[in-house]
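What's in work25.txt: compact mmCIF, C-alpha atoms and all ligand atoms
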# COMPACT_ATOMS: atom_id res chain seq x y z
CA MET A 155 67.99 120.15 81.71
CA ALA A 156 71.08 122.41 81.72
CA GLU A 157 70.94 122.40 85.49
CA GLN A 158 70.73 118.60 85.56
CA GLN A 159 73.69 118.37 83.19
CA LYS A 160 75.73 120.68 85.40
CA ARG A 161 74.91 118.53 88.44
CA ALA A 162 75.92 115.37 86.58
CA ASN A 163 79.34 116.89 85.85
CA GLN A 164 79.96 117.98 89.41
CA HIS A 165 82.66 116.44 91.56
CA VAL A 166 81.59 113.58 93.82
CA THR A 167 82.31 115.78 96.85
CA THR A 168 79.84 118.43 95.70
CA ARG A 169 77.21 115.84 94.89
CA MET A 170 77.56 114.18 98.29
CA VAL A 171 77.51 117.46 100.23
CA GLN A 172 74.39 118.57 98.36
CA ALA A 173 72.74 115.12 98.38
CA ASN A 174 72.82 115.26 94.57
CA GLY A 175 71.50 118.82 94.65
CA THR A 176 67.95 117.69 95.21
CA ILE A 177 65.49 120.11 96.72
CA ASP A 178 62.04 119.20 97.95
CA PRO A 179 59.78 120.05 94.99
CA GLN A 180 56.85 120.81 97.32
CA THR A 181 58.58 123.28 99.60
CA GLY A 182 61.99 124.06 98.14
CA GLY A 183 63.55 122.55 101.26
CA VAL A 184 67.28 121.86 100.80
CA VAL A 185 66.90 118.64 102.78
CA PRO A 186 64.75 115.81 101.38
CA PRO A 187 61.63 114.97 103.40
CA ILE A 188 61.20 111.60 105.10
CA GLN A 189 58.73 109.44 103.24
CA SER A 190 56.62 107.61 105.78
CA SER A 191 53.94 105.96 103.63
CA THR A 192 54.29 102.25 102.90
CA THR A 193 51.45 102.21 100.39
CA PHE A 194 50.13 104.59 97.76
CA ALA A 195 46.58 105.34 96.60
CA ARG A 196 45.32 104.73 93.07
CA ASN A 197 42.99 106.74 90.87
CA SER A 198 39.37 105.64 90.31
CA ASP A 199 40.42 103.91 87.07
CA TYR A 200 42.93 102.00 89.21
CA SER A 201 45.96 103.64 87.62
CA GLN A 202 48.67 104.71 90.07
CA ILE A 203 48.61 108.35 91.13
CA SER A 204 52.39 108.31 90.88
CA PRO A 205 53.94 105.71 88.55
CA ASN A 206 57.01 105.42 90.83
CA HIS A 207 54.99 104.76 93.96
CA LEU A 208 53.17 101.51 94.48
CA TYR A 209 54.51 99.90 97.67
CA ALA A 210 57.38 100.96 99.90
CA ARG A 211 59.46 97.80 99.57
CA ASP A 212 60.78 99.12 96.28
CA ASP A 213 59.37 102.61 96.09
CA ASP A 214 61.09 104.66 98.75
CA ASP A 215 62.38 107.95 97.34
CA LEU A 216 65.01 108.34 100.04
CA VAL A 217 66.38 104.85 99.45
CA ARG A 218 66.53 105.68 95.75
CA LEU A 219 68.29 108.96 96.46
CA GLY A 220 70.84 107.26 98.71
CA GLU A 221 71.45 104.60 96.04
CA ASP A 222 71.88 107.26 93.40
CA ILE A 223 74.40 109.29 95.42
CA LEU A 224 76.46 106.20 96.25
CA ALA A 225 76.26 104.69 92.75
CA LYS A 226 77.55 107.98 91.30
CA ALA A 227 80.32 108.05 93.90
CA GLU A 228 81.38 104.57 92.76
CA ASN A 229 80.93 105.50 89.09
CA ALA A 230 78.59 102.51 88.89
CA ASP A 231 75.85 101.47 86.52
CA ALA A 232 73.49 100.77 89.42
CA GLY A 233 73.43 100.51 93.21
CA LEU A 234 71.24 98.92 95.87
CA LEU A 235 70.94 99.67 99.57
CA PHE A 236 70.38 96.92 102.13
CA PRO A 237 69.45 97.03 105.82
CA SER A 238 73.01 95.99 106.78
CA GLY A 239 76.35 95.16 105.24
CA MET A 240 75.75 91.49 106.03
CA ALA A 241 72.39 91.56 104.22
CA ALA A 242 74.24 92.91 101.15
CA ILE A 243 76.88 90.17 101.39
CA ALA A 244 74.19 87.51 101.84
CA ALA A 245 72.36 88.77 98.73
CA VAL A 246 75.56 88.37 96.69
CA MET A 247 76.36 84.92 98.05
CA ARG A 248 72.82 83.65 97.45
CA THR A 249 73.45 84.02 93.68
CA VAL A 250 75.87 81.08 93.84
CA PRO A 251 74.09 77.82 92.95
CA ASN A 252 74.12 74.73 95.18
CA ASN A 253 77.34 72.79 94.66
CA GLY A 254 78.93 75.95 93.23
CA THR A 255 82.30 77.31 94.29
CA ILE A 256 83.30 80.43 96.23
CA ILE A 257 86.79 81.76 96.85
CA LEU A 258 86.75 83.89 100.00
CA GLN A 259 89.69 85.88 101.24
CA SER A 260 90.88 84.49 104.58
CA GLN A 261 91.44 86.65 107.68
CA ILE A 262 88.88 89.31 106.79
CA TYR A 263 85.86 90.76 108.63
CA TRP A 264 84.92 87.96 111.01
CA GLY A 265 81.15 88.32 110.45
CA THR A 266 81.62 87.61 106.74
CA THR A 267 83.85 84.59 107.36
CA LYS A 268 81.47 83.11 109.90
CA TRP A 269 78.30 83.57 107.83
CA VAL A 270 79.83 82.40 104.54
CA ARG A 271 81.22 79.25 106.24
CA ASP A 272 77.75 78.36 107.61
CA PHE A 273 76.02 79.25 104.33
CA CYS A 274 78.37 77.14 102.19
CA ALA A 275 78.07 74.16 104.53
CA ARG A 276 74.25 74.31 104.33
CA ARG A 277 74.16 74.70 100.56
CA GLU A 278 76.99 72.25 99.78
CA ILE A 279 78.98 75.04 98.15
CA ASN A 280 82.74 74.49 97.85
CA LEU A 281 84.45 77.15 99.91
CA HIS A 282 88.13 78.00 99.47
CA GLU A 283 89.44 80.38 102.12
CA ILE A 284 92.75 81.68 100.85
CA GLU A 285 94.96 84.75 101.11
CA CYS A 286 93.69 86.60 98.02
CA SER A 287 96.17 89.47 98.35
CA ASP A 288 98.87 86.94 97.39
CA MET A 289 98.48 86.81 93.59
CA ASP A 290 100.31 83.48 93.24
CA VAL A 291 97.95 81.81 95.71
CA LEU A 292 94.93 83.43 94.08
CA ALA A 293 95.96 82.48 90.52
CA LYS A 294 96.62 78.88 91.54
CA THR A 295 93.34 78.49 93.43
CA ILE A 296 91.26 80.13 90.69
CA GLY A 297 92.87 77.84 88.11
CA THR A 298 92.09 74.65 89.98
CA ALA A 299 88.83 75.54 91.77
CA LYS A 300 87.11 77.33 88.84
CA PRO A 301 84.98 79.45 91.17
CA ASP A 302 81.65 81.13 90.45
CA LEU A 303 82.54 84.01 92.72
CA VAL A 304 85.67 85.53 94.25
CA PHE A 305 85.21 87.73 97.32
CA VAL A 306 88.02 89.97 98.55
CA GLU A 307 88.21 92.67 101.20
CA THR A 308 90.67 95.48 100.64
CA PRO A 309 92.12 96.93 102.78
CA SER A 310 91.30 93.93 104.95
CA ASN A 311 90.20 93.97 108.54
CA PRO A 312 92.13 93.65 110.85
CA TRP A 313 95.30 92.84 108.86
CA LEU A 314 95.16 95.80 106.46
CA ARG A 315 96.19 93.60 103.57
CA VAL A 316 95.79 95.17 100.14
CA THR A 317 94.65 93.11 97.14
CA ASP A 318 95.45 94.10 93.56
CA ILE A 319 91.89 94.52 92.26
CA ALA A 320 92.85 94.75 88.57
CA GLN A 321 94.84 91.51 88.74
CA ALA A 322 92.20 89.73 90.83
CA ALA A 323 89.53 90.81 88.31
CA ALA A 324 91.56 89.59 85.32
CA LEU A 325 92.20 86.21 86.99
CA SER A 326 88.53 85.84 87.97
CA HIS A 327 87.26 86.75 84.52
CA GLU A 328 89.55 84.19 82.87
CA VAL A 329 87.40 81.41 84.36
CA GLY A 330 84.11 83.31 84.12
CA ALA A 331 83.97 84.14 87.84
CA LYS A 332 82.65 87.42 89.24
CA LEU A 333 84.88 89.52 91.47
CA VAL A 334 83.21 91.14 94.48
CA VAL A 335 85.20 93.65 96.54
CA ASP A 336 84.32 94.63 100.10
CA SER A 337 85.59 98.20 100.05
CA THR A 338 84.19 99.21 103.46
CA ALA A 339 87.55 100.27 104.91
CA ALA A 340 88.23 102.53 101.92
CA SER A 341 84.78 104.11 101.38
CA PRO A 342 83.73 105.39 97.93
CA VAL A 343 85.73 108.55 98.58
CA LEU A 344 89.10 106.80 98.70
CA SER A 345 88.74 103.96 96.22
CA ASN A 346 86.49 102.85 93.35
CA PRO A 347 87.02 99.10 92.78
CA LEU A 348 84.74 98.98 89.70
CA ALA A 349 87.23 101.23 87.89
CA PHE A 350 89.85 98.49 88.38
CA GLY A 351 87.60 95.78 86.95
CA ALA A 352 85.61 94.47 89.93
CA ASP A 353 82.09 93.34 88.99
CA ILE A 354 80.47 94.34 92.27
CA VAL A 355 81.65 96.63 95.08
CA MET A 356 80.21 96.17 98.55
CA HIS A 357 80.12 98.52 101.54
CA SER A 358 78.96 98.22 105.09
CA ALA A 359 77.41 101.70 105.04
CA THR A 360 77.15 101.31 108.82
CA LYS A 361 80.79 102.38 108.89
CA SER A 362 82.27 105.54 107.37
CA ILE A 363 79.50 106.15 104.81
CA ASN A 364 77.05 106.87 107.62
CA GLY A 365 79.88 107.79 109.95
CA HIS A 366 77.97 108.51 113.16
CA SER A 367 77.50 105.00 114.57
CA ASP A 368 73.73 105.31 114.50
CA VAL A 369 72.56 103.51 111.33
CA LEU A 370 72.96 99.94 110.08
CA ALA A 371 73.07 99.78 106.28
CA GLY A 372 74.73 97.95 103.40
CA PHE A 373 75.38 98.88 99.80
CA LEU A 374 76.17 97.07 96.55
CA ALA A 375 77.05 98.65 93.22
CA THR A 376 77.79 97.11 89.84
CA SER A 377 79.46 98.03 86.59
CA ASP A 378 76.77 96.13 84.67
CA ALA A 379 73.16 96.37 85.78
CA GLN A 380 72.08 93.98 83.01
CA SER A 381 74.39 91.16 84.14
CA GLU A 382 72.79 87.96 85.35
CA ILE A 383 74.28 88.27 88.83
CA TRP A 384 72.99 91.83 89.32
CA GLN A 385 69.53 90.95 88.06
CA ALA A 386 69.45 88.04 90.53
CA ILE A 387 70.55 90.31 93.39
CA ALA A 388 67.94 92.97 92.53
CA MET A 389 65.20 90.35 92.33
CA ASP A 390 66.33 88.77 95.61
CA ARG A 391 66.18 92.12 97.37
CA HIS A 392 62.72 92.84 96.07
CA ASP A 393 61.30 89.36 96.66
CA ALA A 394 63.03 88.55 99.93
CA GLY A 395 62.50 92.12 101.12
CA ALA A 396 65.86 93.02 102.65
CA VAL A 397 65.23 96.75 102.28
CA LEU A 398 66.44 99.77 104.20
CA GLY A 399 63.83 101.82 106.09
CA SER A 400 63.07 105.36 104.99
CA PHE A 401 64.25 106.98 108.23
CA GLU A 402 67.52 105.02 108.08
CA ALA A 403 67.97 106.19 104.47
CA TRP A 404 67.33 109.77 105.59
CA LEU A 405 69.96 109.50 108.35
CA LEU A 406 72.37 107.85 105.92
CA ILE A 407 71.99 110.67 103.38
CA ARG A 408 72.53 113.23 106.14
CA GLY A 409 75.67 111.40 107.25
CA MET A 410 76.99 111.17 103.70
CA ARG A 411 76.91 114.94 103.29
CA THR A 412 80.08 115.13 105.34
CA LEU A 413 81.71 111.89 104.15
CA PRO A 414 84.40 113.53 101.97
CA LEU A 415 85.28 115.96 104.78
CA ARG A 416 85.29 113.26 107.45
CA MET A 417 87.48 110.96 105.38
CA GLU A 418 89.98 113.74 104.85
CA ARG A 419 90.36 114.35 108.59
CA MET A 420 90.30 110.64 109.42
CA CYS A 421 93.07 109.85 106.93
CA GLU A 422 95.14 112.72 108.29
CA ASN A 423 94.63 111.62 111.92
CA THR A 424 95.29 107.95 111.13
CA MET A 425 98.53 108.76 109.33
CA ALA A 426 99.69 110.75 112.36
CA VAL A 427 98.71 107.92 114.73
CA ALA A 428 100.50 105.37 112.51
CA THR A 429 103.68 107.44 112.47
CA PHE A 430 103.55 107.93 116.24
CA LEU A 431 103.08 104.19 116.87
CA GLN A 432 105.79 103.22 114.41
CA ASN A 433 108.31 105.22 116.41
CA HIS A 434 107.17 103.95 119.81
CA PRO A 435 109.58 101.58 121.60
CA LYS A 436 106.76 99.37 122.98
CA VAL A 437 105.26 98.74 119.53
CA GLU A 438 106.41 95.74 117.54
CA ALA A 439 104.64 96.44 114.24
CA VAL A 440 102.14 98.87 112.70
CA LEU A 441 99.82 97.69 109.91
CA TYR A 442 98.69 100.66 107.82
CA PRO A 443 98.85 100.95 104.01
CA GLY A 444 99.76 104.63 104.28
CA LEU A 445 103.16 103.78 105.78
CA THR A 446 105.98 103.28 103.26
CA SER A 447 106.92 100.22 105.34
CA HIS A 448 103.63 98.50 104.36
CA GLU A 449 104.39 95.72 101.88
CA LYS A 450 101.72 96.96 99.44
CA HIS A 451 102.16 100.69 99.97
CA GLU A 452 102.62 101.44 96.26
CA LEU A 453 99.61 99.38 95.23
CA ALA A 454 97.53 101.05 97.96
CA THR A 455 98.57 104.46 96.61
CA LYS A 456 97.40 103.45 93.15
CA GLN A 457 94.07 102.02 94.34
CA MET A 458 93.40 104.61 97.05
CA PRO A 459 94.59 107.86 95.50
CA ASN A 460 92.76 110.04 98.04
CA GLY A 461 94.03 108.49 101.27
CA TYR A 462 94.55 105.26 103.17
CA GLY A 463 91.54 105.20 105.48
CA SER A 464 90.89 105.22 109.22
CA LEU A 465 91.54 101.57 110.01
CA LEU A 466 94.88 100.65 111.56
CA SER A 467 96.22 97.72 113.56
CA PHE A 468 99.35 97.49 115.66
CA GLN A 469 101.09 94.83 117.65
CA VAL A 470 102.47 95.63 121.08
CA LYS A 471 105.63 94.00 122.37
CA GLY A 472 104.15 91.37 124.67
CA ASP A 473 101.19 89.01 124.89
CA ALA A 474 97.40 89.16 125.24
CA LYS A 475 97.74 90.54 128.77
CA THR A 476 99.89 93.43 127.59
CA ALA A 477 97.51 94.24 124.71
CA LEU A 478 94.45 94.09 126.98
CA ALA A 479 96.17 96.32 129.53
CA VAL A 480 96.78 98.94 126.82
CA CYS A 481 93.13 98.73 125.72
CA ALA A 482 92.01 99.04 129.33
CA LYS A 483 94.01 102.25 129.86
CA LEU A 484 92.69 104.03 126.78
CA GLU A 485 90.03 106.66 127.50
CA THR A 486 89.56 108.77 124.37
CA PHE A 487 89.50 105.61 122.25
CA LYS A 488 86.34 103.75 123.28
CA ARG A 489 86.47 99.96 123.63
CA ALA A 490 83.87 98.96 121.05
CA THR A 491 83.59 97.09 117.79
CA SER A 492 82.88 98.77 114.40
CA LEU A 493 84.87 101.38 112.51
CA GLY A 494 84.60 104.51 110.39
CA GLY A 495 82.63 106.62 112.90
CA VAL A 496 83.53 110.15 113.97
CA GLU A 497 84.60 108.79 117.37
CA SER A 498 87.78 106.73 117.78
CA LEU A 499 87.41 103.08 118.77
CA VAL A 500 89.75 100.31 119.90
CA GLU A 501 89.31 96.54 119.59
CA HIS A 502 91.22 93.53 120.87
CA ARG A 503 90.16 91.18 118.06
CA HIS A 504 91.69 88.05 119.57
CA SER A 505 89.27 88.33 122.51
CA ILE A 506 86.38 88.23 119.99
CA GLU A 507 87.64 85.75 117.38
CA GLY A 508 89.71 83.43 119.60
CA ASP A 509 92.06 81.09 117.76
CA ALA A 510 89.69 80.41 114.81
CA THR A 511 91.18 83.02 112.49
CA GLY A 512 94.79 83.46 113.53
CA VAL A 513 94.57 87.03 114.86
CA PRO A 514 97.65 87.55 117.07
CA GLU A 515 97.06 88.02 120.80
CA ASN A 516 99.14 91.20 120.83
CA LEU A 517 97.20 92.88 118.00
CA ILE A 518 95.18 96.01 118.72
CA ARG A 519 92.87 97.43 116.06
CA LEU A 520 92.06 101.12 115.95
CA SER A 521 89.38 103.03 114.11
CA VAL A 522 90.61 106.60 114.15
CA GLY A 523 87.95 109.30 114.29
CA ILE A 524 87.93 113.04 113.75
CA GLU A 525 88.85 114.19 117.27
CA HIS A 526 91.83 116.49 117.81
CA ILE A 527 95.00 114.58 117.01
CA GLN A 528 96.77 115.68 120.22
CA ASP A 529 94.11 113.99 122.33
CA LEU A 530 94.35 110.76 120.33
CA ILE A 531 98.13 110.54 120.46
CA GLY A 532 98.15 111.64 124.11
CA ASP A 533 95.71 108.85 124.97
CA LEU A 534 97.83 106.23 123.18
CA ASN A 535 101.02 107.58 124.73
CA GLU A 536 99.60 107.26 128.26
CA ALA A 537 98.20 103.79 127.60
CA LEU A 538 101.50 102.52 126.24
CA SER A 539 103.66 103.88 129.06
C1 LIG B 1 81.00 95.87 109.43
C2 LIG B 1 81.50 95.21 108.24
C3 LIG B 1 80.68 94.33 107.51
C4 LIG B 1 79.27 93.99 107.93
O1 LIG B 1 78.43 95.10 107.88
P1 LIG B 1 77.17 95.32 108.87
O2 LIG B 1 76.64 96.63 108.39
O3 LIG B 1 77.70 95.35 110.26
O4 LIG B 1 76.24 94.20 108.64
C5 LIG B 1 81.23 93.75 106.38
N1 LIG B 1 82.49 94.00 105.98
C6 LIG B 1 83.30 94.83 106.68
C7 LIG B 1 84.70 95.06 106.20
C8 LIG B 1 82.83 95.46 107.82
O5 LIG B 1 83.65 96.27 108.52
How does the structure come out when it is put into structure tokens?
Amino acid sequence: MAEQQKRANQHVTTRMVQANGTIDPQTGGVVPPIQSSTTFARNSDYSQISPNHLYARDDDDLVRLGEDILAKAENADAGLLFPSGMAAIAAVMRTVPNNGTIILQSQIYWGTTKWVRDFCARREINLHEIECSDMDVLAKTIGTAKPDLVFVETPSNPWLRVTDIAQAAALSHEVGAKLVVDSTAASPVLSNPLAFGADIVMHSATKSINGHSDVLAGFLATSDAQSEIWQAIAMDRHDAGAVLGSFEAWLLIRGMRTLPLRMERMCENTMAVATFLQNHPKVEAVLYPGLTSHEKHELATKQMPNGYGSLLSFQVKGDAKTALAVCAKLETFKRATSLGGVESLVEHRHSIEGDATGVPENLIRLSVGIEHIQDLIGDLNEALS
């Protein structure tokens, strides 16, 4: 008991590194074993041999462990893992009734925008896509639309806009709406949206939480496990079966052991890259909340006290051709989608999204990894010259 108490008081870094301090009770192994069984035998009187093990859809110890580590990192009442970030988002959105109303931040992760548009059209849900980081726009839309749910992404991808979570939560709660925050770009190490009043925080764990570009996973956490919305989400996951596999959970837990360390290096590298780009004559603008020139730098510092993340966009002086030429010349930065992995990636978002979302043709998005900073800056320097 004393040992458990000590663990509960430990810093989130220690808990993540030690996967909550769990050791395999059978062997003393410091790494949890993979649970491969999907079903569990009963005693002759038909009672379960283990009360926590009936069928793998809900009874995977590694999924539970991963949920526990992440829920503690978010200081949450409860957490649920999903087989992808999109599955987590879909589970949240499915709580909105037909003919209900959703406010969705515009110009965010394209996969979210695309799926929510299709979903709302099918279900006759009123969808308002607005710039939620602008509090005047948000207040006005919430007042007139009376939404069931407000979904923001902060920092947003690829614009790196920062939304005031406390204000967005207060505005949402005034009309009885729930605030959901996609905090993927921050990770639980840099920001805890529930502490600012969000009802649900969402992560694509595919990104920095796993960090090695080899697992798809999603995560939701709530400040109130008894709330109607959370109960509906938990039931939906169980009944509809969008669960993470045991091996994926095992990989995810292994990846998380270095999350605090990786984030530290990524933030440091990204800040150096941002500063380099800001001073480069061929760069028109750098979008990174860590720069004092960012319009919400102070807010970002308040909401992300441990760093500004590994996502950064910049605009080159020129057009799509110029931006694509820079991308083509990069070698250390790999041309691939996704973010938050140990390896640095570059994306020309306009080539993917086209004109549907207003991403400028000269915008280049970077996900800065943990490589040596000289190689990253050297690569960018060559590509820009
Ligand atoms: C990747 C991503 C998602 C979707 O997550 P998947 O794990 O790819 O399904 C959602 N939001 C943001 C901000 C993302 O970067």
Sorted per-residue table, chain A near ligand LIG 1 (chain B), closest atoms and distance, 8 Å, all atoms listed in the file, as a Markdown table:
| residue | atom | partner | partner_atom | distance |
| --- | --- | --- | --- | --- |
| A:Pro237 | CA | B:LIG1 | O2 | 7.6 |
| A:Ser238 | CA | B:LIG1 | O2 | 4.0 |
| A:Gly239 | CA | B:LIG1 | O1 | 3.4 |
| A:Met240 | CA | B:LIG1 | O4 | 3.8 |
| A:Ala241 | CA | B:LIG1 | O4 | 6.4 |
| A:Ala242 | CA | B:LIG1 | O4 | 7.9 |
| A:Ile243 | CA | B:LIG1 | C5 | 7.5 |
| A:Ile262 | CA | B:LIG1 | C7 | 7.1 |
| A:Tyr263 | CA | B:LIG1 | C7 | 5.1 |
| A:Gly265 | CA | B:LIG1 | C4 | 6.5 |
| A:Thr266 | CA | B:LIG1 | C5 | 6.2 |
| A:Glu307 | CA | B:LIG1 | C7 | 6.6 |
| A:Ser310 | CA | B:LIG1 | C7 | 6.8 |
| A:Asn311 | CA | B:LIG1 | C7 | 6.1 |
| A:Asp336 | CA | B:LIG1 | C7 | 6.1 |
| A:Ser337 | CA | B:LIG1 | C7 | 7.0 |
| A:Thr338 | CA | B:LIG1 | C7 | 5.0 |
| A:Ala339 | CA | B:LIG1 | C7 | 6.1 |
| A:His357 | CA | B:LIG1 | N1 | 6.8 |
| A:Ser358 | CA | B:LIG1 | O1 | 4.2 |
| A:Ala359 | CA | B:LIG1 | O2 | 6.1 |
| A:Thr360 | CA | B:LIG1 | O2 | 4.7 |
| A:Lys361 | CA | B:LIG1 | C1 | 6.5 |
| A:Leu370 | CA | B:LIG1 | O2 | 5.2 |
| A:Ala371 | CA | B:LIG1 | O2 | 5.2 |
| A:Gly372 | CA | B:LIG1 | O2 | 5.5 |
| A:Ser492 | CA | B:LIG1 | C1 | 6.1 |
| A:Leu493 | CA | B:LIG1 | O5 | 6.6 |
Residues at most 12 Å from A:Thr412, counting all atoms listed in the file, excluding those fewer than 6 positions away in the same chain, as an MDAnalysis selection string? chainID A and resid 166:173 343 362:366 405:406 418:420 495:496 524
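Taking atom CA of A:His165 and atom CA of A:Tyr442 as the two end points, the separation is 27.8 Å.
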For stretch 454-465 of chain A, I'd like the enclosing box, axis-aligned and padded by 3 Å on every side, reported as JSON with centre and edge lengths in Å to one decimal.
{"center_x": 94.7, "center_y": 105.5, "center_z": 101.6, "size_x": 13.7, "size_y": 15.0, "size_z": 22.9}
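Each of A:Ala299, A:Ala439, A:Leu216, A:Ala537 was compared to A:Phe487 using only C-alpha atoms, and A:Ala537 turns out to be the nearest.
The interatomic distance for the pair atom CA of A:Ala230 and atom CA of A:Ala375 works out to 6.0 Å.
When atom CA of A:Arg276 is paired with atom CA of A:Ala245, their separation reads 15.6 Å.
Summary of the local environment: counting all atoms listed in the file, residues at most 6 Å from A:Gln259, other than itself and those fewer than 6 positions away along its chain, are Glu283, Ile284, Glu285, Cys286 and Val306 of chain A.
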Please provide as a PyMOL selection string all residues within 9 Å of stretch 499-512 of chain A, with the sequence filter that same-chain residues fewer than 2 positions apart are discarded (counting all atoms listed in the file). chain A and resi 260-262+264+312+474+477-478+481+484+486-495+497+514-523
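Closest approach to A:Thr317 from the set A:Gly233, A:Gly461, A:Gly399, A:Pro347 is made by A:Pro347, with distances taken over all atoms listed in the file.
Shortest separation to A:Asn280 among A:Gln158, A:Ser367, A:Asn253, A:Ser190 occurs at residue A:Asn253, atoms counted being only C-alpha atoms.
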Might you pull out every residue within 12 Å of A:Leu453, with all atoms listed in the file counted and same-chain residues fewer than 2 positions away left off, and present them as a VMD selection string? chain A and resid 287 308 to 309 315 to 321 345 350 443 to 446 448 to 451 455 to 459 462
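Nearest residue to A:Thr295 among A:Leu325, A:Met356, A:Ile407, A:Cys274 is A:Leu325, counting all atoms listed in the file.
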A:Val397 proximity check over A:Leu534, A:Ala322, A:Asn433, A:Phe373, using all atoms listed in the file: winner is A:Phe373
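Nearest residue to A:Asn252, choosing from A:Ala379, A:Ala275, A:Lys268, A:Lys160 and counting all atoms listed in the file: A:Ala275.
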### Message
If we count all atoms listed in the file and set the cut-off at 10 Å, which residues sit around stretch 383-392 of chain A, ignoring sequence neighbours fewer than 3 positions away in its own chain? Please answer as an MDAnalysis selection string.
### Response
chainID A and resid 211:212 232:236 241:242 244:250 332 353:354 374:380 395:397
